[in-house]
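Below: the structure, in structure tokens.
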Amino acid sequence: MCGIIGYTGKGKAAQIMLDALELLEYRGYDSAGIALLNQGHTQILKSAGRVKDLRKLYAGQKPDGQCGIGHTRWATHGGVCDKNAHPHRFGRITLIHNGIIENYRELIEKYHLQGKLESETDTEVVAAVVERFYTGDPYSALRRTVLKLKGTFALAVLFDDQPDKIFAVRNVSPIVAAVTDGGAMLSSDVAAIVPYTQDYFVVPEFHVVSLSPEGIELFDLSGDREEIEWMKADWDVGKSGKEGYPFYMEKEIMEQPDAVRETILPRIRNGKPDFSQEGIPDEMFVDCKRICVIACGTAMHAGLVGKSLIQAMIGIHVDVVMASEFMYNDPVVDKETLVIAISQSGETIDTLEALKFARKCGSPSISIVNVKGASIARASEYVVYTNAGPEIAVASTKAYTTQLAVLYLLTARMAMARNLWDEKKLTGYMQELSRVPEVMEQVLKTKEEIHRLAGVILNAKDVFMIGRGLDYSILLEGSLKLKEVSYIHSEAYASGELKHGTIALITEDTPVIAVVTQDKLKSKELSNIREVQSRGARVLLLIKENEALEEGQEWSCVYRLPKMEDSFMVMPASVVLQLIAYYVSLDKGLDVDKPRNLAKVVTVE
Ligand code: F6R
């Protein structure tokens with residue numbers, strides 16, 4: 001959470017940072033600020049609100065400077081107000097921070113900072129500790145400071161008497177850095193850097209990095225210089241803009257056919273699933289006795305679909321665990337448990353910690369990650385990147401469907417490695433998977449129709465979503481999407497569970513979205529729908545095209561999904577649910593891309 005940026009070089013630091021903060025705003029958007037260092041003088045501009053408010057502040061003052069740091073905040077310590085916005089300053093030190101300093105109260109005591117701090121943040125305490133240790137050598141001051149800190153942090157620091165230089169250090173919370181034309185940049189993720197360069201590196205934990213217009217230097221905590229391991233971002237710069245769409249969420253929904261194509265095509269060789277570019281040995285798929293998927297939110301919902309696929313097709317037991325609960329349930333994982341960690345950002349702290357724990361227990365691991373070089377990718381034995389490109393909207397869409405695409409591929413490879421399918425079955429499955437992008441395109445062509453369907457729930461207070469099996473798994477995601485972007489309360493229920501309590505909430509005109517895509521469950525699902533209809537519910541039905549419906553059953557609306565083999569129907573159905581959530585939010589006039597209280601990257605527990 002929180003976006004950090006630093007720039008030093010020939011360019012106009014403030015403009016570059018403000019543009020970058022806009023790209024990083026998805027990481028937190030309750031306050032924003034920048035600091036500019038100019039000939040020994042540091043000027044700070046900051047305020048509660050969005051980057052656009054900071055822009056106005058800047059336009060009023062236009063401070064000069066070619067070196068600076070900037071921040072966009074998701075509050076943890078201290079409420080949302082101007083004084084708690086970053087950067088924070090103490091003595092000669094100006095600092096921004098992403099993470100949580102757990103022992104900040106002890107540090108206040110230890111260094112007698114009571115009454116000397118202006119904000120309620122843990123960050124200002126760090127600035128005070130750096131100031132305390134600073135005797136002209138920034139490396140030494142930062143080394144000594146980080147040894148006193150408990151918690152997670154990505155810190156970017158300006159020292160008044162270190163012209164044109166930015167220093168940074170981190171533990172867990174990410175920082176990437178890059179050399180640009182005539183300067184150098186750091187950021188909490190590559191989204192802010194790709195408009196300038198594709199070459200970047202991930203600053204290793206507990207290393208001090210220094211940026212100057214001449215370049216970047218990296219030192220370990222003993223002060224020894226280290227080689228930088230450069231990486232290449234393959235994100236298309238153009239893909240970071242909205243390209244004419246009113247919101248990133250719509251753009252990213254529309255990009256799904258390409259994103260899925262980019263994710264599956266490089267992993268199909270001679271018509272078969274292939275993970276040789278990732279180096280994943282087949283033994284991993286053969287030797288495991290069970291699978292444990294760890295992930296949060298949308299990524300966890302992708303895991304639920306994976307569970308249904310793998311259990312049905314491979315016949316091994318799969319647990320899907322919310323990473324945030326993993327450590328509190330005495331997890332049982334061992335060397336026979338294949339752990340699959342799923343994360344768009346690759347930085348979700350709960351997922352990262354759970355993965356590290358599983359690895360300590362000897363579990364083999366594969367992560368499914370969108371952001372190259374992210375912490376979860378580096379912490380797992382093997383990584384499969386979803387080639388979704390940058391996902392900027394806080395609500396995840398294309399990352400989810402590309403995660404599903406990888407899970408389909410992994411299932412097929414597992415079946416192959418275990419000799420479970422004959423040639424015909426494998427070919428049929430892979431052909432159906434290859435059809436997913438064009439089927440998604442078919443759905444997207446009907447977006448105006450889906451917009452009209454969304455009107456049915458526009459003014460609803462509560463919405464229920466019902467289905468069984470795979471349909472239930474995708475409704476959990478559809479319901480999360482609706483809640484987070486439209487603020488309508490919604491619940492996804494396994495249709496068979498309704499009678500065990502929740503049906504008490506169904507009354508005259510309660511809106512219910514029902515998904516029926518699995519032949520083997522159709523009759524049961526339709527009778528569960530009758531149960532809610534008899535209690536007055538208005539049902540919006542998603543069902544396969546050409547599927548017969550009984551005479552006499554009344555529907556508020558019926559959307560016909562393009563037909564695929566049943567296990568792939570989640571793909572077109574998910575797109576419809578995403579668009580419904582999107583259009584409800586749009587028509588309510590909400591800030592679709594930045595729902596209240598949320599942030600794109602969750603780096604605090
Ligand atoms: C919802 C959403 C979140 C994320 C969750 C995990 O739209 O995006 O539920 O899926 O915070 O994030 P990652 O995938 O980055 O680990």
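Every chain in the structure tokens takes a letter, A first, then B, and so on in the order presented; its residues are numbered from 1, and the ligands are numbered from 1 following the presented order.
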Test item: residues lying within 9 Å of ligand 1 with only C-alpha atoms and all ligand atoms, as an MDAnalysis selection string: chainID A and resid 295:301 341:352 369:371 376 393:397 399:400 477 480:481 484:485 598:602
Convert the current residue selection to file output with N, CA and C atoms, as a compact mmCIF listing (two decimals), in the first residue's frame.
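again-v1.txt, freshly written:
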```
# COMPACT_ATOMS: atom_id res chain seq x y z
N ALA A 295 -3.94 -17.48 -1.37
CA ALA A 295 -4.18 -16.23 -2.10
C ALA A 295 -5.21 -15.41 -1.33
N CYS A 296 -5.41 -14.19 -1.73
CA CYS A 296 -6.41 -13.33 -1.09
C CYS A 296 -7.38 -12.80 -2.14
N GLY A 297 -8.59 -12.50 -1.68
CA GLY A 297 -9.57 -11.79 -2.51
C GLY A 297 -9.83 -12.47 -3.84
N THR A 298 -9.75 -11.67 -4.88
CA THR A 298 -10.01 -12.17 -6.24
C THR A 298 -9.10 -13.33 -6.61
N ALA A 299 -7.84 -13.22 -6.22
CA ALA A 299 -6.88 -14.28 -6.55
C ALA A 299 -7.29 -15.58 -5.86
N MET A 300 -7.85 -15.45 -4.66
CA MET A 300 -8.33 -16.65 -3.95
C MET A 300 -9.54 -17.24 -4.68
N HIS A 301 -10.37 -16.37 -5.21
CA HIS A 301 -11.52 -16.86 -5.98
C HIS A 301 -11.04 -17.61 -7.24
N ALA A 341 0.75 -20.27 -4.99
CA ALA A 341 0.42 -18.92 -4.48
C ALA A 341 -0.04 -18.09 -5.68
N ILE A 342 -1.19 -17.43 -5.53
CA ILE A 342 -1.70 -16.63 -6.65
C ILE A 342 -1.78 -15.18 -6.23
N SER A 343 -1.22 -14.30 -7.03
CA SER A 343 -1.25 -12.87 -6.68
C SER A 343 -1.00 -12.01 -7.91
N GLN A 344 -1.88 -11.07 -8.16
CA GLN A 344 -1.66 -10.13 -9.27
C GLN A 344 -0.39 -9.33 -9.01
N SER A 345 -0.38 -8.65 -7.85
CA SER A 345 0.72 -7.72 -7.56
C SER A 345 2.01 -8.46 -7.24
N GLY A 346 1.86 -9.66 -6.69
CA GLY A 346 3.04 -10.38 -6.21
C GLY A 346 3.59 -9.78 -4.93
N GLU A 347 2.86 -8.88 -4.31
CA GLU A 347 3.36 -8.21 -3.11
C GLU A 347 2.45 -8.38 -1.90
N THR A 348 1.30 -9.04 -2.05
CA THR A 348 0.36 -9.15 -0.92
C THR A 348 1.06 -9.84 0.25
N ILE A 349 1.14 -9.12 1.35
CA ILE A 349 2.01 -9.58 2.44
C ILE A 349 1.53 -10.91 3.02
N ASP A 350 0.20 -11.08 3.15
CA ASP A 350 -0.32 -12.32 3.73
C ASP A 350 0.05 -13.52 2.86
N THR A 351 -0.06 -13.35 1.57
CA THR A 351 0.27 -14.43 0.64
C THR A 351 1.77 -14.72 0.70
N LEU A 352 2.54 -13.66 0.75
CA LEU A 352 4.00 -13.81 0.79
C LEU A 352 4.42 -14.56 2.06
N VAL A 369 1.79 -15.03 -10.87
CA VAL A 369 1.97 -13.61 -10.52
C VAL A 369 1.90 -12.78 -11.79
N ASN A 370 1.42 -11.56 -11.67
CA ASN A 370 1.37 -10.70 -12.87
C ASN A 370 2.58 -9.78 -12.99
N VAL A 371 3.10 -9.34 -11.84
CA VAL A 371 4.17 -8.33 -11.88
C VAL A 371 5.53 -9.03 -11.81
N ILE A 376 6.58 -12.23 -4.29
CA ILE A 376 6.04 -13.59 -4.26
C ILE A 376 6.67 -14.43 -5.38
N ALA A 393 -6.84 -0.42 -12.45
CA ALA A 393 -8.07 -0.31 -11.66
C ALA A 393 -7.90 -1.14 -10.40
N VAL A 394 -8.40 -0.63 -9.29
CA VAL A 394 -8.25 -1.37 -8.04
C VAL A 394 -8.98 -2.72 -8.13
N ALA A 395 -10.14 -2.73 -8.73
CA ALA A 395 -10.88 -3.99 -8.88
C ALA A 395 -10.21 -4.84 -9.96
N SER A 396 -9.86 -6.03 -9.58
CA SER A 396 -9.12 -6.90 -10.49
C SER A 396 -10.05 -7.57 -11.49
N THR A 397 -9.69 -7.55 -12.76
CA THR A 397 -10.50 -8.20 -13.78
C THR A 397 -9.63 -9.10 -14.68
N ALA A 399 -6.52 -9.67 -14.46
CA ALA A 399 -5.59 -10.53 -13.71
C ALA A 399 -6.30 -11.81 -13.33
N TYR A 400 -7.58 -11.69 -12.93
CA TYR A 400 -8.36 -12.87 -12.52
C TYR A 400 -8.49 -13.87 -13.68
N GLU A 477 -16.75 -14.29 -6.81
CA GLU A 477 -15.97 -13.20 -7.41
C GLU A 477 -16.89 -12.10 -7.95
N LEU A 480 -18.03 -10.05 -5.03
CA LEU A 480 -16.96 -9.17 -4.51
C LEU A 480 -16.83 -7.95 -5.42
N LYS A 481 -16.85 -8.20 -6.73
CA LYS A 481 -16.70 -7.11 -7.69
C LYS A 481 -17.80 -6.08 -7.50
N GLU A 484 -17.36 -4.10 -4.17
CA GLU A 484 -16.26 -3.14 -4.06
C GLU A 484 -16.41 -1.93 -4.97
N VAL A 485 -17.02 -2.11 -6.14
CA VAL A 485 -17.08 -0.93 -7.01
C VAL A 485 -18.42 -0.20 -6.96
N LEU A 598 -10.01 1.41 -0.31
CA LEU A 598 -9.21 0.30 -0.84
C LEU A 598 -7.87 0.79 -1.39
N ALA A 599 -7.01 -0.16 -1.66
CA ALA A 599 -5.76 0.13 -2.37
C ALA A 599 -5.43 -1.11 -3.18
N LYS A 600 -4.69 -0.91 -4.24
CA LYS A 600 -4.45 -2.03 -5.16
C LYS A 600 -3.49 -3.07 -4.58
N VAL A 601 -2.51 -2.61 -3.85
CA VAL A 601 -1.48 -3.53 -3.40
C VAL A 601 -1.50 -3.56 -1.88
N VAL A 602 -1.74 -4.73 -1.31
CA VAL A 602 -1.98 -4.79 0.14
C VAL A 602 -0.73 -5.33 0.83
```
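Checking A:Lys307, A:Lys588, A:Lys544, A:His41 one by one against Leu407 in chain A, counting only C-alpha atoms, you find the shortest gap at A:Lys307.
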Two-atom distance - CA of Leu37 in chain A, CA of Ser212 in chain A (Å): 12.3 Å
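Counting only C-alpha atoms and comparing A:Gly589, A:Gly68, A:Pro213, A:Gly241, the residue that lies closest to Glu391 in chain A is A:Gly241.
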Could you name the residues that touch range 24-30 of chain A at 8 Å or less, counting only C-alpha atoms, but leaving out those on the same chain fewer than 3 positions away, as a PDB file with C-alpha atoms, in the first residue's frame?
```pdb
ATOM      1  CA  MET A   1       0.000   0.000   0.000  1.00  0.00           C
ATOM      2  CA  CYS A   2       1.169   3.588  -0.539  1.00  0.00           C
ATOM      3  CA  GLY A   3       2.998   4.542  -3.696  1.00  0.00           C
ATOM      4  CA  ILE A   4       6.482   5.965  -3.574  1.00  0.00           C
ATOM      5  CA  ALA A  20       4.192   9.094 -11.675  1.00  0.00           C
ATOM      6  CA  LEU A  21       2.012   9.543  -8.603  1.00  0.00           C
ATOM      7  CA  ALA A  48      -5.079  15.032   2.186  1.00  0.00           C
ATOM      8  CA  GLY A  49      -6.921  14.178  -1.033  1.00  0.00           C
ATOM      9  CA  ARG A  50      -5.966  12.973  -4.448  1.00  0.00           C
ATOM     10  CA  VAL A  51      -2.974  13.673  -6.665  1.00  0.00           C
ATOM     11  CA  THR A  72       0.516   8.654  -2.319  1.00  0.00           C
ATOM     12  CA  ARG A  73      -0.913   7.343   0.935  1.00  0.00           C
ATOM     13  CA  TRP A  74      -3.213   4.629   2.259  1.00  0.00           C
ATOM     14  CA  ALA A  75      -3.417   5.539   5.945  1.00  0.00           C
ATOM     15  CA  VAL A  80      -6.268  11.186   6.873  1.00  0.00           C
ATOM     16  CA  ASP A 189       6.321  -0.557  -8.790  1.00  0.00           C
ATOM     17  CA  ALA A 191       3.988   1.154 -13.552  1.00  0.00           C
ATOM     18  CA  ALA A 192       5.592   4.547 -12.894  1.00  0.00           C
ATOM     19  CA  ILE A 392      -4.426  -0.198 -12.770  1.00  0.00           C
ATOM     20  CA  ALA A 393      -8.075  -0.309 -11.661  1.00  0.00           C
ATOM     21  CA  VAL A 394      -8.250  -1.373  -8.040  1.00  0.00           C
ATOM     22  CA  ASP A 593     -11.179   2.762 -10.482  1.00  0.00           C
ATOM     23  CA  LYS A 594     -10.633   3.903  -6.914  1.00  0.00           C
ATOM     24  CA  LEU A 598      -9.209   0.303  -0.845  1.00  0.00           C
ATOM     25  CA  ALA A 599      -5.758   0.132  -2.370  1.00  0.00           C
ATOM     26  CA  LYS A 600      -4.448  -2.028  -5.158  1.00  0.00           C
ATOM     27  CA  VAL A 601      -1.475  -3.533  -3.397  1.00  0.00           C
TER      28      VAL A 601
END
```
Spatial neighbours of Asn546 in chain A, max dist 9 Å, only C-alpha atoms, sep filter under 3 positions, as number ranges by chain: A: 543, 560, 563
Between CA of Gly91 in chain A and CA of Glu120 in chain A, distance in Å (one decimal): 17.2 Å
Distance query range 442-444 of chain A at most 12 Å, only C-alpha atoms, self and fewer than 4 positions along chain excluded, as a ChimeraX atom specification: /A:250-257,435-438,448-451,542,544-545,559-564,569,571-580
Strand (DSSP E) per DSSP on the backbone: members of range 158-260 of chain A, as a PyMOL selection string: chain A and resi 158-159+166-171+176-180+183-187+199-202+207-212+215-220+231-232
Residue neighbourhood Leu526 in chain A, 12 Å, only C-alpha atoms, exclusion window fewer than 2 positions, as a CSV table (one decimal) with all heavy atoms, in the first residue's frame:
```
chain,number,residue,atom,x,y,z
A,466,ILE,N,-26.7,-16.6,-6.8
A,466,ILE,CA,-26.8,-18.1,-6.5
A,466,ILE,C,-26.4,-19.0,-7.6
A,466,ILE,O,-26.6,-18.6,-8.8
A,466,ILE,CB,-28.2,-18.5,-6.0
A,466,ILE,CG1,-29.3,-18.2,-7.1
A,466,ILE,CG2,-28.6,-17.8,-4.7
A,466,ILE,CD1,-30.7,-18.8,-6.7
A,467,GLY,N,-25.7,-20.1,-7.3
A,467,GLY,CA,-25.3,-21.0,-8.2
A,467,GLY,C,-24.7,-22.2,-7.5
A,467,GLY,O,-24.5,-22.1,-6.3
A,468,ARG,N,-24.3,-23.2,-8.2
A,468,ARG,CA,-23.7,-24.4,-7.6
A,468,ARG,C,-22.3,-24.7,-8.3
A,468,ARG,O,-22.1,-24.3,-9.4
A,468,ARG,CB,-24.6,-25.6,-7.7
A,468,ARG,CG,-25.7,-25.6,-6.8
A,468,ARG,CD,-26.6,-26.8,-7.1
A,468,ARG,NE,-27.8,-26.9,-6.2
A,468,ARG,CZ,-28.0,-27.8,-5.2
A,468,ARG,NH1,-27.1,-28.8,-5.1
A,468,ARG,NH2,-29.0,-27.7,-4.4
A,495,SER,N,-26.4,-22.4,-4.1
A,495,SER,CA,-27.9,-22.4,-4.1
A,495,SER,C,-28.5,-23.4,-3.1
A,495,SER,O,-29.5,-23.1,-2.5
A,495,SER,CB,-28.5,-22.8,-5.5
A,495,SER,OG,-27.7,-22.4,-6.5
A,496,GLY,N,-27.8,-24.5,-2.9
A,496,GLY,CA,-28.3,-25.5,-2.0
A,496,GLY,C,-28.3,-25.1,-0.5
A,496,GLY,O,-29.0,-25.6,0.3
A,514,ALA,N,-28.6,-15.3,-11.0
A,514,ALA,CA,-28.4,-16.8,-10.9
A,514,ALA,C,-27.5,-17.2,-12.2
A,514,ALA,O,-27.8,-16.7,-13.3
A,514,ALA,CB,-29.7,-17.5,-10.9
A,515,VAL,N,-26.6,-18.0,-11.9
A,515,VAL,CA,-25.7,-18.5,-13.1
A,515,VAL,C,-25.9,-20.0,-13.2
A,515,VAL,O,-25.8,-20.7,-12.2
A,515,VAL,CB,-24.3,-18.2,-12.9
A,515,VAL,CG1,-23.4,-18.8,-14.0
A,515,VAL,CG2,-24.1,-16.6,-12.8
A,516,VAL,N,-26.3,-20.4,-14.4
A,516,VAL,CA,-26.5,-21.9,-14.6
A,516,VAL,C,-25.7,-22.3,-15.9
A,516,VAL,O,-26.2,-22.0,-17.0
A,516,VAL,CB,-28.0,-22.1,-14.9
A,516,VAL,CG1,-28.3,-23.6,-15.1
A,516,VAL,CG2,-28.9,-21.7,-13.7
A,517,THR,N,-24.6,-22.9,-15.7
A,517,THR,CA,-23.8,-23.2,-16.8
A,517,THR,C,-23.3,-24.7,-16.8
A,517,THR,O,-22.7,-25.1,-17.8
A,517,THR,CB,-22.5,-22.4,-16.9
A,517,THR,OG1,-21.6,-22.7,-15.8
A,517,THR,CG2,-22.7,-20.9,-16.9
A,518,GLN,N,-23.7,-25.4,-15.8
A,518,GLN,CA,-23.2,-26.8,-15.7
A,518,GLN,C,-24.3,-27.8,-15.9
A,518,GLN,O,-25.2,-27.9,-15.1
A,518,GLN,CB,-22.5,-27.0,-14.3
A,518,GLN,CG,-21.5,-26.0,-13.9
A,518,GLN,CD,-20.2,-26.0,-14.8
A,518,GLN,OE1,-19.6,-27.1,-14.8
A,518,GLN,NE2,-19.9,-25.0,-15.5
A,519,ASP,N,-24.2,-28.5,-17.0
A,519,ASP,CA,-25.3,-29.5,-17.3
A,519,ASP,C,-25.7,-30.3,-16.2
A,519,ASP,O,-26.9,-30.5,-15.9
A,519,ASP,CB,-24.9,-30.4,-18.5
A,519,ASP,CG,-25.0,-29.6,-19.8
A,519,ASP,OD1,-25.5,-28.5,-19.8
A,519,ASP,OD2,-24.6,-30.2,-20.9
A,520,LYS,N,-24.7,-30.9,-15.5
A,520,LYS,CA,-25.0,-31.9,-14.4
A,520,LYS,C,-25.7,-31.2,-13.2
A,520,LYS,O,-26.3,-31.9,-12.4
A,520,LYS,CB,-23.7,-32.6,-14.0
A,520,LYS,CG,-22.7,-31.7,-13.3
A,520,LYS,CD,-21.5,-32.5,-12.8
A,520,LYS,CE,-20.5,-31.5,-12.1
A,520,LYS,NZ,-19.2,-31.8,-12.1
A,521,LEU,N,-25.7,-29.9,-13.2
A,521,LEU,CA,-26.3,-29.2,-12.0
A,521,LEU,C,-27.6,-28.5,-12.4
A,521,LEU,O,-28.3,-27.9,-11.5
A,521,LEU,CB,-25.3,-28.2,-11.4
A,521,LEU,CG,-24.0,-28.8,-10.9
A,521,LEU,CD1,-23.1,-27.7,-10.4
A,521,LEU,CD2,-24.3,-29.7,-9.7
A,522,LYS,N,-27.8,-28.4,-13.7
A,522,LYS,CA,-28.9,-27.5,-14.2
A,522,LYS,C,-30.2,-27.7,-13.5
A,522,LYS,O,-30.9,-26.8,-13.0
A,522,LYS,CB,-29.1,-27.7,-15.7
A,522,LYS,CG,-30.1,-26.8,-16.3
A,522,LYS,CD,-30.2,-27.1,-17.8
A,522,LYS,CE,-31.5,-26.4,-18.3
A,522,LYS,NZ,-31.9,-26.9,-19.6
A,523,SER,N,-30.7,-29.0,-13.4
A,523,SER,CA,-32.1,-29.2,-12.9
A,523,SER,C,-32.1,-28.7,-11.4
A,523,SER,O,-33.1,-28.1,-11.0
A,523,SER,CB,-32.5,-30.6,-13.1
A,523,SER,OG,-31.7,-31.5,-12.3
A,524,LYS,N,-31.1,-29.1,-10.7
A,524,LYS,CA,-31.0,-28.7,-9.2
A,524,LYS,C,-31.0,-27.1,-9.1
A,524,LYS,O,-31.7,-26.5,-8.3
A,524,LYS,CB,-29.8,-29.2,-8.5
A,524,LYS,CG,-30.0,-30.7,-8.2
A,524,LYS,CD,-29.1,-31.1,-7.0
A,524,LYS,CE,-29.4,-32.4,-6.4
A,524,LYS,NZ,-29.2,-33.5,-7.4
A,528,ASN,N,-33.7,-24.6,-7.4
A,528,ASN,CA,-33.3,-23.6,-6.3
A,528,ASN,C,-33.8,-22.2,-6.7
A,528,ASN,O,-34.2,-21.4,-5.9
A,528,ASN,CB,-31.8,-23.6,-6.1
A,528,ASN,CG,-31.3,-24.9,-5.5
A,528,ASN,OD1,-30.2,-25.4,-5.8
A,528,ASN,ND2,-32.1,-25.5,-4.6
A,529,ILE,N,-33.7,-21.9,-8.0
A,529,ILE,CA,-34.2,-20.6,-8.5
A,529,ILE,C,-35.7,-20.5,-8.2
A,529,ILE,O,-36.2,-19.4,-7.8
A,529,ILE,CB,-33.8,-20.4,-10.0
A,529,ILE,CG1,-32.3,-20.3,-10.1
A,529,ILE,CG2,-34.4,-19.1,-10.5
A,529,ILE,CD1,-31.8,-20.3,-11.5
A,530,ARG,N,-36.4,-21.6,-8.5
A,530,ARG,CA,-37.9,-21.5,-8.3
A,530,ARG,C,-38.2,-21.2,-6.8
A,530,ARG,O,-39.1,-20.5,-6.5
A,530,ARG,CB,-38.5,-22.9,-8.6
A,530,ARG,CG,-38.7,-23.1,-10.1
A,530,ARG,CD,-39.5,-24.4,-10.3
A,530,ARG,NE,-39.6,-24.7,-11.7
A,530,ARG,CZ,-40.4,-24.1,-12.5
A,530,ARG,NH1,-41.2,-23.1,-12.1
A,530,ARG,NH2,-40.4,-24.4,-13.8
A,531,GLU,N,-37.3,-21.7,-5.9
A,531,GLU,CA,-37.6,-21.5,-4.5
A,531,GLU,C,-37.5,-20.0,-4.2
A,531,GLU,O,-38.3,-19.5,-3.4
A,531,GLU,CB,-36.5,-22.3,-3.7
A,531,GLU,CG,-36.7,-23.8,-3.7
A,531,GLU,CD,-35.5,-24.6,-3.3
A,531,GLU,OE1,-34.5,-23.9,-2.8
A,531,GLU,OE2,-35.5,-25.8,-3.4
A,532,VAL,N,-36.5,-19.3,-4.8
A,532,VAL,CA,-36.5,-17.9,-4.5
A,532,VAL,C,-37.6,-17.1,-5.2
A,532,VAL,O,-38.1,-16.1,-4.7
A,532,VAL,CB,-35.1,-17.2,-4.7
A,532,VAL,CG1,-34.0,-17.8,-3.8
A,532,VAL,CG2,-34.6,-17.4,-6.2
A,533,GLN,N,-37.9,-17.6,-6.4
A,533,GLN,CA,-38.9,-16.9,-7.2
A,533,GLN,C,-40.3,-17.0,-6.4
A,533,GLN,O,-41.0,-16.1,-6.4
A,533,GLN,CB,-39.1,-17.5,-8.6
A,533,GLN,CG,-37.9,-17.1,-9.5
A,533,GLN,CD,-38.0,-17.7,-10.9
A,533,GLN,OE1,-38.3,-18.9,-11.0
A,533,GLN,NE2,-37.6,-17.0,-11.9
A,539,VAL,N,-35.4,-12.5,-10.7
A,539,VAL,CA,-34.1,-13.2,-11.0
A,539,VAL,C,-33.6,-12.8,-12.4
A,539,VAL,O,-34.3,-12.8,-13.4
A,539,VAL,CB,-34.4,-14.8,-11.0
A,539,VAL,CG1,-33.1,-15.5,-11.4
A,539,VAL,CG2,-34.8,-15.2,-9.6
A,541,LEU,N,-31.0,-14.1,-15.0
A,541,LEU,CA,-30.4,-15.5,-15.2
A,541,LEU,C,-29.3,-15.4,-16.3
A,541,LEU,O,-29.5,-14.8,-17.3
A,541,LEU,CB,-31.5,-16.4,-15.7
A,541,LEU,CG,-31.1,-17.8,-16.1
A,541,LEU,CD1,-30.6,-18.6,-14.8
A,541,LEU,CD2,-32.2,-18.6,-16.8
A,542,LEU,N,-28.1,-16.0,-16.0
A,542,LEU,CA,-27.1,-16.2,-17.0
A,542,LEU,C,-27.1,-17.7,-17.3
A,542,LEU,O,-26.8,-18.5,-16.4
A,542,LEU,CB,-25.7,-15.8,-16.5
A,542,LEU,CG,-25.5,-14.4,-15.9
A,542,LEU,CD1,-24.0,-14.1,-15.7
A,542,LEU,CD2,-26.1,-13.3,-16.7
A,543,ILE,N,-27.3,-18.0,-18.6
A,543,ILE,CA,-27.4,-19.4,-19.0
A,543,ILE,C,-26.9,-19.6,-20.4
A,543,ILE,O,-26.9,-18.6,-21.2
A,543,ILE,CB,-28.9,-19.9,-18.8
A,543,ILE,CG1,-29.0,-21.4,-18.9
A,543,ILE,CG2,-29.8,-19.2,-19.8
A,543,ILE,CD1,-30.2,-22.0,-18.4
A,548,ALA,N,-32.6,-25.0,-23.1
A,548,ALA,CA,-34.1,-24.9,-23.0
A,548,ALA,C,-34.5,-24.4,-21.6
A,548,ALA,O,-33.9,-24.8,-20.6
A,548,ALA,CB,-34.7,-26.2,-23.2
A,549,LEU,N,-35.5,-23.5,-21.5
A,549,LEU,CA,-36.0,-23.1,-20.2
A,549,LEU,C,-37.5,-23.5,-20.2
A,549,LEU,O,-38.2,-23.4,-21.2
A,549,LEU,CB,-35.9,-21.6,-20.1
A,549,LEU,CG,-34.5,-21.1,-19.8
A,549,LEU,CD1,-34.5,-19.6,-19.8
A,549,LEU,CD2,-34.0,-21.6,-18.4
A,550,GLU,N,-37.9,-23.9,-19.0
A,550,GLU,CA,-39.3,-24.4,-18.9
A,550,GLU,C,-40.3,-23.2,-19.1
A,550,GLU,O,-40.0,-22.1,-18.7
A,550,GLU,CB,-39.6,-25.0,-17.5
A,550,GLU,CG,-39.3,-26.5,-17.5
A,550,GLU,CD,-39.6,-27.0,-16.1
A,550,GLU,OE1,-40.6,-26.6,-15.5
A,550,GLU,OE2,-38.7,-27.7,-15.6
A,553,GLN,N,-41.8,-20.3,-16.2
A,553,GLN,CA,-40.9,-19.7,-15.2
A,553,GLN,C,-40.6,-18.3,-15.6
A,553,GLN,O,-40.2,-18.0,-16.7
A,553,GLN,CB,-39.6,-20.5,-15.1
A,553,GLN,CG,-38.9,-20.3,-13.8
A,553,GLN,CD,-37.9,-21.4,-13.5
A,553,GLN,OE1,-37.7,-22.4,-14.2
A,553,GLN,NE2,-37.2,-21.3,-12.4
A,554,GLU,N,-40.9,-17.3,-14.7
A,554,GLU,CA,-40.8,-15.9,-15.1
A,554,GLU,C,-39.3,-15.4,-14.8
A,554,GLU,O,-38.8,-15.7,-13.7
A,554,GLU,CB,-41.7,-15.1,-14.2
A,554,GLU,CG,-43.2,-15.3,-14.5
A,554,GLU,CD,-43.6,-14.5,-15.7
A,554,GLU,OE1,-43.3,-13.3,-15.8
A,554,GLU,OE2,-44.2,-15.1,-16.6
A,555,TRP,N,-38.8,-14.6,-15.7
A,555,TRP,CA,-37.4,-14.1,-15.5
A,555,TRP,C,-37.4,-12.6,-15.6
A,555,TRP,O,-38.1,-12.1,-16.5
A,555,TRP,CB,-36.5,-14.7,-16.6
A,555,TRP,CG,-36.5,-16.2,-16.6
A,555,TRP,CD1,-37.2,-17.0,-17.4
A,555,TRP,CD2,-35.8,-17.0,-15.6
A,555,TRP,NE1,-37.0,-18.3,-17.1
A,555,TRP,CE2,-36.2,-18.4,-16.0
A,555,TRP,CE3,-35.0,-16.8,-14.5
A,555,TRP,CZ2,-35.7,-19.5,-15.3
A,555,TRP,CZ3,-34.5,-17.9,-13.8
A,555,TRP,CH2,-34.9,-19.2,-14.2
```
Range 267-275 of chain A environment, 7 Å, only C-alpha atoms, sequence neighbours closer than 6 positions dropped, as number ranges by chain: A: 409, 412-413, 427, 430
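Pairwise distance (CA of Leu265 in chain A, CA of Ala233 in chain A) equals 19.1 Å.
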DSSP helix (DSSP H, G or I) selection over range 357-493 of chain A, as a PyMOL selection string: chain A and resi 357-360+375-379+398-417+423-444+447-457+470-486
